[in-house]
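start24.cif (mmCIF, C-alpha atoms) appears below.
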data_structure
loop_
_atom_site.label_atom_id
_atom_site.label_comp_id
_atom_site.auth_asym_id
_atom_site.auth_seq_id
_atom_site.Cartn_x
_atom_site.Cartn_y
_atom_site.Cartn_z
CA MET A 1 0.00 0.00 0.00
CA ALA A 2 1.29 3.46 -0.84
CA ARG A 3 2.67 5.66 1.92
CA ALA A 4 1.49 9.21 2.51
CA GLY A 5 2.88 11.49 -0.16
CA GLN A 6 3.72 8.65 -2.54
CA GLN A 7 2.56 8.94 -6.14
CA VAL A 8 -0.39 6.65 -6.75
CA LYS A 9 -1.36 5.15 -10.08
CA ALA A 10 -5.00 5.76 -10.79
CA GLY A 11 -7.24 4.83 -13.70
CA VAL A 12 -5.38 4.00 -16.91
CA ALA A 13 -2.21 2.02 -16.35
CA GLY A 14 0.83 4.28 -16.19
CA VAL A 15 -1.16 7.44 -15.46
CA ARG A 16 -0.03 8.93 -12.20
CA LEU A 17 -1.73 11.41 -9.92
CA THR A 18 0.55 14.23 -11.01
CA ASP A 19 -0.33 13.60 -14.67
CA ARG A 20 -3.93 14.63 -14.02
CA ILE A 21 -3.38 17.96 -12.27
CA GLY A 22 -2.77 21.56 -13.20
CA ILE A 23 -5.51 23.96 -14.21
CA GLY A 24 -7.13 20.70 -15.29
CA VAL A 25 -7.72 19.97 -11.60
CA LEU A 26 -9.97 23.04 -11.52
CA THR A 27 -11.80 22.16 -14.71
CA ALA A 28 -12.26 18.57 -13.50
CA ALA A 29 -13.91 19.70 -10.26
CA PHE A 30 -15.59 22.71 -11.86
CA PRO A 31 -16.24 21.96 -15.57
CA PRO A 32 -17.05 24.88 -17.89
CA ASP A 33 -20.74 23.96 -18.04
CA MET A 34 -20.88 24.01 -14.24
CA VAL A 35 -19.21 27.43 -14.15
CA ASP A 36 -21.71 28.72 -16.73
CA VAL A 37 -24.62 27.50 -14.59
CA ALA A 38 -23.22 29.31 -11.55
CA VAL A 39 -22.61 32.49 -13.57
CA ASP A 40 -26.11 32.44 -15.03
CA GLU A 41 -27.69 31.66 -11.66
CA TRP A 42 -26.39 34.96 -10.34
CA ASP A 43 -26.85 36.89 -13.59
CA ALA A 44 -23.11 37.56 -13.81
CA ARG A 45 -22.92 36.84 -17.56
CA GLU A 46 -21.42 39.70 -19.57
CA GLN A 47 -23.90 41.59 -21.77
CA ARG A 48 -21.44 41.97 -24.63
CA THR A 49 -18.36 40.14 -25.87
CA ARG A 50 -15.48 41.00 -23.57
CA THR A 51 -11.80 40.22 -23.44
CA LEU A 52 -12.37 38.91 -19.91
CA PRO A 53 -15.66 36.96 -19.92
CA ALA A 54 -17.22 35.72 -16.67
CA ARG A 55 -16.12 32.11 -17.14
CA VAL A 56 -12.48 33.11 -17.56
CA MET A 57 -12.65 35.38 -14.52
CA ALA A 58 -14.00 32.50 -12.40
CA TYR A 59 -10.96 30.41 -13.30
CA PHE A 60 -8.73 33.47 -12.83
CA ALA A 61 -10.09 33.90 -9.28
CA MET A 62 -9.12 30.32 -8.51
CA ALA A 63 -5.73 30.70 -10.23
CA MET A 64 -5.09 33.64 -7.88
CA ILE A 65 -5.15 31.08 -5.06
CA VAL A 66 -2.85 28.64 -6.83
CA TYR A 67 -0.37 31.52 -7.30
CA PHE A 68 -1.14 33.31 -4.05
CA ASP A 69 2.12 35.27 -3.95
CA CYS A 70 1.94 36.53 -7.54
CA GLY A 71 0.53 39.80 -8.85
CA TYR A 72 -2.43 39.87 -11.21
CA SER A 73 -0.34 40.03 -14.38
CA GLU A 74 1.82 37.09 -13.35
CA VAL A 75 -1.24 35.04 -12.38
CA TRP A 76 -2.66 35.81 -15.84
CA ASN A 77 0.59 34.79 -17.52
CA GLN A 78 0.68 31.53 -15.59
CA LEU A 79 -2.91 30.86 -16.55
CA LEU A 80 -2.13 31.37 -20.25
CA GLY A 81 1.05 29.32 -20.47
CA GLY A 82 0.55 26.10 -22.41
CA LEU A 83 -3.23 26.41 -22.78
CA GLU A 84 -4.46 25.61 -26.26
CA TRP A 85 -7.46 27.92 -25.99
CA ALA A 86 -5.26 30.85 -24.94
CA ARG A 87 -3.45 31.41 -28.27
CA ALA A 88 -5.36 34.62 -28.95
CA TYR A 89 -4.59 35.86 -25.46
CA ARG A 90 -0.90 35.05 -25.88
CA ARG A 91 -0.81 36.95 -29.17
CA ARG A 92 -2.28 39.95 -27.36
CA ARG A 93 0.44 39.64 -24.73
CA GLU A 94 3.15 39.53 -27.42
CA THR A 95 1.85 42.85 -28.77
CA ASP A 96 1.56 44.38 -25.31
CA MET A 97 -2.23 44.15 -25.43
CA GLN A 98 -2.78 41.80 -22.53
CA PRO A 99 -5.24 42.95 -19.84
CA SER A 100 -3.90 45.38 -17.28
CA THR A 101 -4.19 44.92 -13.53
CA ALA A 102 -7.02 47.46 -13.59
CA ALA A 103 -8.88 45.45 -16.26
CA LEU A 104 -8.47 42.22 -14.28
CA THR A 105 -9.68 44.00 -11.15
CA LYS A 106 -12.79 45.21 -13.00
CA GLY A 107 -13.32 41.72 -14.39
CA ARG A 108 -13.31 40.31 -10.86
CA ALA A 109 -15.76 42.96 -9.73
CA ARG A 110 -18.15 42.18 -12.62
CA LEU A 111 -18.10 38.50 -11.67
CA GLY A 112 -18.82 39.14 -7.98
CA TRP A 113 -18.53 36.55 -5.22
CA GLU A 114 -21.85 34.73 -5.56
CA PRO A 115 -20.87 32.53 -8.58
CA LEU A 116 -17.84 31.24 -6.64
CA ALA A 117 -20.05 30.46 -3.63
CA GLU A 118 -22.49 28.71 -5.96
CA LEU A 119 -19.68 26.68 -7.52
CA LEU A 120 -18.50 25.55 -4.10
CA ALA A 121 -22.04 24.56 -3.08
CA MET A 122 -22.48 22.59 -6.31
CA SER A 123 -19.30 20.63 -5.57
CA MET A 124 -20.43 19.52 -2.11
CA THR A 125 -21.66 16.05 -3.02
CA PRO A 126 -21.70 13.34 -0.34
CA LEU A 127 -19.51 10.29 -0.64
CA THR A 128 -21.23 7.73 -2.88
CA ALA A 129 -19.20 4.70 -1.76
CA THR A 130 -20.94 2.36 0.67
CA PRO A 131 -19.62 1.49 4.13
CA GLU A 132 -18.36 -1.79 2.69
CA GLN A 133 -16.51 0.01 -0.11
CA ALA A 134 -15.10 2.79 2.08
CA PRO A 135 -15.01 1.61 5.71
CA TRP A 136 -12.63 4.46 6.60
CA ALA A 137 -15.44 6.98 5.91
CA TYR A 138 -18.10 5.42 8.14
CA TRP A 139 -18.60 4.27 11.68
CA ARG A 140 -21.20 1.58 12.29
CA GLY A 141 -23.04 2.60 9.13
CA LEU A 142 -22.93 6.34 9.83
CA ARG A 143 -21.11 8.81 7.57
CA THR A 144 -18.97 10.89 9.91
CA LEU A 145 -18.49 14.64 9.56
CA ALA A 146 -16.70 17.28 11.63
CA ILE A 147 -17.26 21.00 11.95
CA ASP A 148 -14.99 23.84 13.05
CA GLY A 149 -14.22 27.47 12.28
CA PHE A 150 -11.30 29.80 11.69
CA THR A 151 -10.56 33.41 10.81
CA MET A 152 -8.41 35.05 8.13
CA ASN A 153 -6.76 38.46 8.10
CA VAL A 154 -7.97 40.84 5.38
CA GLN A 155 -6.67 44.15 4.10
CA ALA A 156 -7.02 47.05 6.54
CA THR A 157 -9.35 49.24 4.49
CA PRO A 158 -12.27 51.27 5.86
CA ASP A 159 -14.79 49.11 3.99
CA ASN A 160 -13.29 45.85 5.28
CA ASP A 161 -13.16 47.25 8.80
CA ALA A 162 -16.81 48.24 8.65
CA GLU A 163 -17.93 44.92 7.13
CA PHE A 164 -15.87 42.34 9.02
CA GLY A 165 -14.54 43.99 12.19
CA ARG A 166 -11.30 43.42 14.07
CA PRO A 167 -10.44 41.14 16.97
CA GLY A 168 -9.39 42.80 20.19
CA ASN A 169 -9.98 43.37 23.87
CA ASP A 170 -10.51 46.32 26.19
CA LYS A 171 -6.91 47.46 25.76
CA SER A 172 -6.25 47.12 22.04
CA GLU A 173 -7.52 45.74 18.75
CA GLY A 174 -5.92 43.52 16.14
CA ALA A 175 -3.73 44.79 13.32
CA PHE A 176 -6.15 43.62 10.62
CA PRO A 177 -9.87 43.05 10.13
CA GLN A 178 -10.80 39.37 9.99
CA VAL A 179 -13.34 37.31 8.08
CA ARG A 180 -14.79 34.25 9.80
CA VAL A 181 -15.28 30.87 8.08
CA VAL A 182 -17.05 27.78 9.44
CA ALA A 183 -16.56 24.54 7.51
CA LEU A 184 -18.36 21.19 7.64
CA ALA A 185 -16.34 18.31 6.16
CA GLU A 186 -16.52 14.55 5.74
CA THR A 187 -13.89 12.99 7.98
CA GLY A 188 -13.24 10.18 5.51
CA THR A 189 -12.56 12.27 2.40
CA ARG A 190 -12.01 15.68 4.07
CA THR A 191 -14.11 17.21 1.30
CA LEU A 192 -16.23 20.20 2.24
CA GLN A 193 -19.91 19.52 2.72
CA GLY A 194 -20.81 23.02 3.84
CA ALA A 195 -19.15 26.40 4.41
CA GLU A 196 -20.34 29.75 5.69
CA VAL A 197 -18.45 33.05 5.47
CA GLY A 198 -19.29 36.06 7.65
CA PRO A 199 -18.03 38.94 9.76
CA LEU A 200 -16.11 38.44 12.97
CA ALA A 201 -19.18 39.42 14.98
CA ASP A 202 -20.98 36.29 13.73
CA GLY A 203 -19.81 33.55 16.07
CA GLU A 204 -18.97 30.05 14.89
CA GLN A 205 -22.19 28.73 16.40
CA THR A 206 -24.26 31.30 14.49
CA LEU A 207 -22.69 30.32 11.17
CA ALA A 208 -22.88 26.60 11.97
CA ARG A 209 -26.67 26.85 12.31
CA LYS A 210 -26.84 27.62 8.60
CA LEU A 211 -25.04 24.33 7.90
CA TRP A 212 -27.06 21.84 9.96
CA PRO A 213 -29.78 21.51 7.24
CA LYS A 214 -27.11 19.98 4.98
CA LEU A 215 -27.00 16.90 7.23
CA GLY A 216 -29.24 13.90 6.62
CA GLU A 217 -30.14 10.46 7.88
CA ASN A 218 -27.22 8.20 8.74
CA ASP A 219 -24.92 11.21 9.23
CA LEU A 220 -22.91 11.70 12.42
CA VAL A 221 -21.41 15.12 13.17
CA VAL A 222 -18.59 15.50 15.70
CA ALA A 223 -17.71 18.87 17.24
CA ASP A 224 -16.00 20.57 20.13
CA ARG A 225 -17.80 22.02 23.17
CA LEU A 226 -18.50 25.38 21.48
CA PHE A 227 -21.28 23.88 19.34
CA LEU A 228 -23.32 22.11 22.02
CA SER A 229 -26.72 23.65 22.75
CA HIS A 230 -30.38 22.68 22.75
CA GLU A 231 -30.97 24.72 19.58
CA ASP A 232 -28.13 23.02 17.71
CA LEU A 233 -29.06 19.49 18.79
CA ALA A 234 -32.68 20.14 17.83
CA ALA A 235 -31.64 21.31 14.36
CA ILE A 236 -29.35 18.30 13.87
CA THR A 237 -31.82 15.67 15.03
CA ALA A 238 -34.55 17.25 12.88
CA THR A 239 -32.54 16.17 9.81
CA GLY A 240 -32.30 12.57 11.04
CA ALA A 241 -28.59 12.96 11.82
CA HIS A 242 -26.76 12.21 15.09
CA ALA A 243 -24.17 14.13 17.08
CA ILE A 244 -21.19 13.63 19.37
CA PHE A 245 -20.33 16.94 21.08
CA ARG A 246 -17.94 17.65 23.89
CA VAL A 247 -19.63 19.21 26.92
CA LYS A 248 -18.34 22.47 28.35
CA ALA A 249 -18.26 23.18 32.06
CA GLY A 250 -21.45 24.36 33.70
CA VAL A 251 -23.95 22.49 31.48
CA ASP A 252 -26.84 21.08 33.52
CA LEU A 253 -26.72 17.29 33.06
CA PRO A 254 -28.94 15.50 35.58
CA ILE A 255 -28.46 11.73 35.83
CA LEU A 256 -31.77 10.31 34.60
CA GLU A 257 -30.65 6.70 34.24
CA VAL A 258 -27.32 4.92 34.73
CA LEU A 259 -26.77 2.52 31.85
CA ASP A 260 -25.14 -0.91 32.04
CA ASP A 261 -21.88 0.26 30.46
CA GLY A 262 -21.32 3.01 33.03
CA THR A 263 -22.57 5.87 30.87
CA TYR A 264 -25.76 7.63 31.82
CA ARG A 265 -28.81 9.10 30.16
CA SER A 266 -29.45 12.83 30.59
CA ARG A 267 -30.98 15.68 28.62
CA ILE A 268 -30.05 19.02 27.08
CA ALA A 269 -32.79 21.43 28.07
CA ASP A 270 -34.11 24.48 26.27
CA PRO A 271 -32.55 27.33 28.32
CA ASP A 272 -35.67 29.52 28.31
CA GLN A 273 -37.92 26.67 29.43
CA ALA A 274 -35.36 25.57 32.01
CA ARG A 275 -35.20 29.06 33.55
CA ARG A 276 -39.00 29.21 33.87
CA LEU A 277 -39.17 25.79 35.53
CA ARG A 278 -36.27 26.54 37.88
CA ARG A 279 -38.11 29.66 39.08
CA LYS A 280 -40.94 27.27 39.98
CA LYS A 281 -38.47 25.16 42.00
CA THR A 282 -38.83 22.22 39.57
CA ASP A 283 -36.45 19.32 40.18
CA PRO A 284 -33.69 19.44 37.50
CA ALA A 285 -34.53 15.84 36.58
CA GLY A 286 -38.08 16.96 35.79
CA ILE A 287 -37.04 19.61 33.26
CA PRO A 288 -37.62 18.21 29.73
CA GLY A 289 -35.11 18.36 26.90
CA ILE A 290 -33.37 16.40 24.17
CA SER A 291 -32.29 12.96 25.36
CA VAL A 292 -28.54 12.39 25.32
CA ARG A 293 -26.13 9.78 26.57
CA ILE A 294 -23.21 11.11 28.62
CA ILE A 295 -19.79 9.51 28.26
CA GLU A 296 -16.88 10.44 30.51
CA TYR A 297 -13.29 9.31 30.10
CA SER A 298 -9.80 10.62 30.71
CA VAL A 299 -6.76 10.66 28.47
CA SER A 300 -3.36 10.41 30.14
CA ALA A 301 -0.22 11.96 28.77
CA ASP A 302 2.43 9.67 27.33
CA PRO A 303 4.69 8.67 30.26
CA ASP A 304 7.67 9.02 27.92
CA ASP A 305 6.68 12.60 27.01
CA PRO A 306 9.60 14.86 28.05
CA ARG A 307 7.23 17.69 28.97
CA PRO A 308 6.65 18.09 32.74
CA ALA A 309 3.58 16.48 34.28
CA THR A 310 1.70 17.55 37.40
CA GLY A 311 2.00 15.42 40.51
CA ASP A 312 3.48 11.94 40.53
CA ALA A 313 1.45 10.71 37.54
CA PRO A 314 1.41 11.86 33.92
CA GLU A 315 -0.96 14.77 33.34
CA SER A 316 -4.41 13.69 32.15
CA GLU A 317 -7.47 15.41 30.72
CA LEU A 318 -11.10 14.57 31.45
CA PHE A 319 -13.47 14.43 28.51
CA CYS A 320 -17.25 14.59 28.81
CA LEU A 321 -19.21 13.83 25.64
CA ALA A 322 -22.92 14.17 24.91
CA THR A 323 -24.31 12.02 22.11
CA THR A 324 -27.70 11.33 20.64
CA LEU A 325 -26.62 7.70 20.07
CA LEU A 326 -28.39 6.08 23.01
CA ASP A 327 -28.09 2.36 22.23
CA ILE A 328 -25.18 0.98 24.28
CA GLU A 329 -25.08 -2.29 22.33
CA GLN A 330 -25.06 -0.75 18.86
CA TYR A 331 -22.67 2.06 19.82
CA PRO A 332 -20.17 0.69 22.39
CA LEU A 333 -18.57 2.96 24.94
CA ARG A 334 -15.00 1.93 24.07
CA GLU A 335 -15.28 3.34 20.53
CA PHE A 336 -16.32 6.89 21.44
CA PRO A 337 -12.85 8.31 22.21
CA ASP A 338 -11.75 7.46 18.67
CA ARG A 339 -14.95 8.93 17.24
CA TYR A 340 -14.51 12.20 19.09
CA ALA A 341 -10.88 12.34 17.97
CA GLU A 342 -12.16 12.51 14.38
CA ARG A 343 -13.13 16.13 15.01
CA TRP A 344 -9.46 16.85 14.37
CA GLU A 345 -10.14 16.07 10.72
CA ALA A 346 -11.80 19.50 10.61
CA GLU A 347 -8.58 20.96 12.02
CA THR A 348 -6.70 19.19 9.22
CA VAL A 349 -9.00 20.82 6.66
CA ILE A 350 -8.34 24.22 8.24
CA GLY A 351 -4.60 23.55 8.26
CA ASP A 352 -4.67 22.64 4.57
CA VAL A 353 -6.56 25.82 3.71
CA GLU A 354 -4.65 28.17 6.01
CA THR A 355 -1.13 26.82 5.64
CA ARG A 356 -0.78 24.57 2.60
CA LEU A 357 -2.75 26.87 0.27
CA ARG A 358 -2.70 30.33 1.87
CA GLY A 359 0.78 30.19 3.36
CA GLY A 360 -0.02 30.55 7.05
CA PRO A 361 -2.59 32.14 9.39
CA GLU A 362 -0.65 35.41 9.50
CA VAL A 363 -0.94 35.93 5.71
CA VAL A 364 -3.34 38.71 4.69
CA LEU A 365 -5.81 38.18 1.85
CA ARG A 366 -5.15 40.53 -1.06
CA SER A 367 -8.67 41.88 -1.67
CA LYS A 368 -9.51 45.39 -0.50
CA SER A 369 -13.31 45.39 -0.61
CA PRO A 370 -15.80 43.13 1.21
CA ASP A 371 -17.26 41.60 -1.98
CA MET A 372 -13.81 40.75 -3.32
CA VAL A 373 -12.78 39.35 0.08
CA ARG A 374 -15.74 36.98 -0.13
CA GLN A 375 -14.83 36.08 -3.71
CA GLU A 376 -11.26 35.34 -2.63
CA VAL A 377 -12.39 33.21 0.32
CA TYR A 378 -14.77 31.16 -1.82
CA ALA A 379 -12.09 30.78 -4.53
CA LEU A 380 -9.72 29.51 -1.83
CA LEU A 381 -12.29 26.95 -0.68
CA CYS A 382 -12.98 25.97 -4.31
CA VAL A 383 -9.28 25.25 -4.92
CA TYR A 384 -9.14 23.23 -1.71
CA GLN A 385 -12.21 21.29 -2.83
CA ALA A 386 -10.77 20.66 -6.30
CA ILE A 387 -7.58 19.18 -4.82
CA ARG A 388 -9.58 17.05 -2.40
CA HIS A 389 -11.77 15.75 -5.24
CA LEU A 390 -8.63 14.80 -7.16
CA ILE A 391 -7.20 12.97 -4.15
CA THR A 392 -10.49 11.21 -3.43
CA THR A 393 -10.93 10.09 -7.05
CA ALA A 394 -7.38 8.76 -7.22
CA ALA A 395 -7.79 7.01 -3.86
CA GLU A 396 -11.06 5.37 -4.87
CA ARG A 397 -9.57 4.02 -8.08
CA ALA A 398 -6.48 2.77 -6.27
CA ARG A 399 -8.63 1.39 -3.40
CA LEU A 400 -6.83 3.54 -0.85
CA ASP A 401 -7.86 5.62 2.13
CA PRO A 402 -7.50 9.25 0.89
CA ASP A 403 -5.48 9.97 4.04
CA ARG A 404 -2.66 8.02 2.40
CA ILE A 405 -2.22 10.69 -0.28
CA SER A 406 -0.42 13.87 0.74
CA PHE A 407 -2.41 17.09 0.32
CA THR A 408 0.79 19.12 0.53
CA ARG A 409 2.51 17.28 -2.32
CA THR A 410 -0.63 17.34 -4.42
CA ALA A 411 -0.99 21.11 -3.94
CA GLN A 412 2.66 21.59 -4.86
CA ALA A 413 2.16 19.54 -8.01
CA VAL A 414 -0.89 21.62 -8.90
CA ARG A 415 1.25 24.75 -8.79
CA ARG A 416 3.95 23.14 -10.93
CA HIS A 417 1.48 22.02 -13.59
CA ALA A 418 -1.01 24.88 -13.41
CA SER A 419 -0.24 26.03 -16.96
CA ASP A 420 -0.51 22.58 -18.54
CA GLU A 421 -3.08 21.85 -21.26
CA ALA A 422 -6.67 22.05 -20.03
CA ALA A 423 -9.72 21.31 -22.12
CA PHE A 424 -11.93 24.36 -21.88
CA SER A 425 -12.67 27.38 -24.02
CA PRO A 426 -12.80 30.93 -22.63
CA ARG A 427 -15.97 31.71 -24.59
#
Starting from the file, lay out its structure as structure tokens.
Amino acid sequence: MARAGQQVKAGVAGVRLTDRIGIGVLTAAFPPDMVDVAVDEWDAREQRTRTLPARVMAYFAMAMIVYFDCGYSEVWNQLLGGLEWARAYRRRRETDMQPSTAALTKGRARLGWEPLAELLAMSMTPLTATPEQAPWAYWRGLRTLAIDGFTMNVQATPDNDAEFGRPGNDKSEGAFPQVRVVALAETGTRTLQGAEVGPLADGEQTLARKLWPKLGENDLVVADRLFLSHEDLAAITATGAHAIFRVKAGVDLPILEVLDDGTYRSRIADPDQARRLRRKKTDPAGIPGISVRIIEYSVSADPDDPRPATGDAPESELFCLATTLLDIEQYPLREFPDRYAERWEAETVIGDVETRLRGGPEVVLRSKSPDMVRQEVYALLCVYQAIRHLITTAAERARLDPDRISFTRTAQAVRRHASDEAAFSPR
């Protein structure tokens, strides 16, 4: 079996993963017809023949991510190199008639951000493989997903400040405004299944509530303590999905029934209803809510870890999980620590976006207006999704877990081959 980062043969004999990437990775995930649908959906189609039509600008927006450190003109040159359809554009460049930075900026503005958001949404298709075909993507018949959020620095312009806001405290504020992103991803493929972009004032929980409707029956979402609430659990269970959330301190969890495996049944109450009943001196066990099973366990530090531990024993951490999976026979206690650990797959997605594509969390997005910031964010997520689709397709054909294929090396190869032949026309 191939090791992480190793080239994997996929499909036709002799065709390697790196042979199928370049701008072609974008057109494979987002074919021209799909781009046209997204453009038309948001009425972004140009009204007259232009040098920079909407379809080309959509691919240009994504190429800006592939060549994050390059200026507009260099991104354009990289996009043209080696493309059969770009002969006319290359002739214009040879006669000093290629589009200026100002023209490319106007082309981006004409396109807007909505077609890129639409493209991303159209690419969010659930895994089609069955649990038998892809056991690494399921747990006891449930497709597992994880959710988490992150922020990105944007240019310090008055418009961006007003739209997105800056982090800070009572003493000072951050150097840059920040845009917030919350992403829902399959843990097996790490492909995005939902994403919301908003200002810093919109908390992760607020944005996540726009994503819960994307869940369905036989889905299991795993998340950290920030996302646990009655409102969120109600929205998730309404879709037929299940949840495993870590519990934060101070949550009222009365013991309603101790189960045979040592876990216990409790409930997550509606806070408004709970307050009313508490004022009436109602017993906490009599306050209704969503039934959950509570699982508690501790994780000890590695005794060989050179970092100092407290006391005579290695430092440990107590975990308390709330899950809607109540059947102790069907969902054994011993398997929950590994299930909760899968929430780190969302952190891996964020790391790939922030570090492997963007260059690090301290990097500032280039766009200077709120609409173009959103376009840039969605283009970034589209490029991430395109690379993940490539990895997943190659893994499926090679009968591998996608985790065995390196995202970093694939992204590097995309940059190397970004100007290779790609089968689409700019018109």
### Message
For this structure, which residues satisfy the selection - the PyMOL selection byres ((chain A and resi 66) around 9) - when it is evaluated on the file as given? I want them as a ChimeraX atom specification.
### Response
/A:62-65,67-69,75,357-358,380,383,411,414-415,418
With C-alpha atoms retained, could you export that selection as a PDB file, in the frame of the given file?
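Result saved to result.pdb:
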ATOM      1  CA  MET A  62      -9.120  30.320  -8.510  1.00  0.00           C
ATOM      2  CA  ALA A  63      -5.730  30.700 -10.230  1.00  0.00           C
ATOM      3  CA  MET A  64      -5.090  33.640  -7.880  1.00  0.00           C
ATOM      4  CA  ILE A  65      -5.150  31.080  -5.060  1.00  0.00           C
ATOM      5  CA  TYR A  67      -0.370  31.520  -7.300  1.00  0.00           C
ATOM      6  CA  PHE A  68      -1.140  33.310  -4.050  1.00  0.00           C
ATOM      7  CA  ASP A  69       2.120  35.270  -3.950  1.00  0.00           C
ATOM      8  CA  VAL A  75      -1.240  35.040 -12.380  1.00  0.00           C
ATOM      9  CA  LEU A 357      -2.750  26.870   0.270  1.00  0.00           C
ATOM     10  CA  ARG A 358      -2.700  30.330   1.870  1.00  0.00           C
ATOM     11  CA  LEU A 380      -9.720  29.510  -1.830  1.00  0.00           C
ATOM     12  CA  VAL A 383      -9.280  25.250  -4.920  1.00  0.00           C
ATOM     13  CA  ALA A 411      -0.990  21.110  -3.940  1.00  0.00           C
ATOM     14  CA  VAL A 414      -0.890  21.620  -8.900  1.00  0.00           C
ATOM     15  CA  ARG A 415       1.250  24.750  -8.790  1.00  0.00           C
ATOM     16  CA  ALA A 418      -1.010  24.880 -13.410  1.00  0.00           C
TER      17      ALA A 418
END
Which residues fall under the PyMOL selection byres ((chain A and resi 164) around 12) in this file, as a ChimeraX atom specification? /A:151-163,165-167,176-181,197-203,368-371,373-374
Exercise. For Val353 (chain A), work out the shell of residues within 12 Å, counting all atoms listed in the file and skipping chain neighbours fewer than 2 positions away, then give it as a ChimeraX atom specification.
Key: /A:65-66,149-152,181,183,190-192,346-351,355-361,363,377-385,387-388,407-408,411
Set the distance at 12 Å and use all atoms listed in the file: which residues neighbour Pro332 (chain A) once local chain neighbours fewer than 6 positions away are removed? I'd like the list as a CSV table (one decimal) with C-alpha atoms, keeping the file's coordinate frame.
chain,number,residue,atom,x,y,z
A,139,TRP,CA,-18.6,4.3,11.7
A,140,ARG,CA,-21.2,1.6,12.3
A,259,LEU,CA,-26.8,2.5,31.8
A,260,ASP,CA,-25.1,-0.9,32.0
A,261,ASP,CA,-21.9,0.3,30.5
A,262,GLY,CA,-21.3,3.0,33.0
A,263,THR,CA,-22.6,5.9,30.9
A,293,ARG,CA,-26.1,9.8,26.6
A,295,ILE,CA,-19.8,9.5,28.3
A,325,LEU,CA,-26.6,7.7,20.1
A,326,LEU,CA,-28.4,6.1,23.0
A,338,ASP,CA,-11.8,7.5,18.7
A,339,ARG,CA,-15.0,8.9,17.2
Determine the residue set returned by the PyMOL selection byres ((chain A and resi 186) around 8) for the present structure, and present it as a PyMOL selection string.
-> chain A and resi 137+143-146+184-185+187-193
- prompt: For Pro288 (chain A), which of A:Glu196, A:Glu118, A:Glu329, A:Asp270 is the closest residue, counting all atoms listed in the file?
  reply: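 Residue with the minimum atom-to-atom distance to Pro288 (chain A): A:Asp270.
Counting all atoms listed in the file and comparing A:Ala175, A:Trp136, A:Val247, A:Trp113, the residue that lies closest to Val364 (chain A) is A:Ala175.
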Restricting to all atoms listed in the file, whichever of A:Leu233, A:Val35, A:Ala269, A:Leu333 is closest to Asp252 (chain A) is A:Ala269
d(CA of Ala223 (chain A), CA of Arg267 (chain A)) in Å: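 Separation of CA of Ala223 (chain A) and CA of Arg267 (chain A): 17.8 Å.
Each of A:Thr206, A:Ala386, A:Asp148, A:Leu220 was checked against Leu119 (chain A) using only C-alpha atoms; the smallest atom-to-atom distance is that of A:Ala386.
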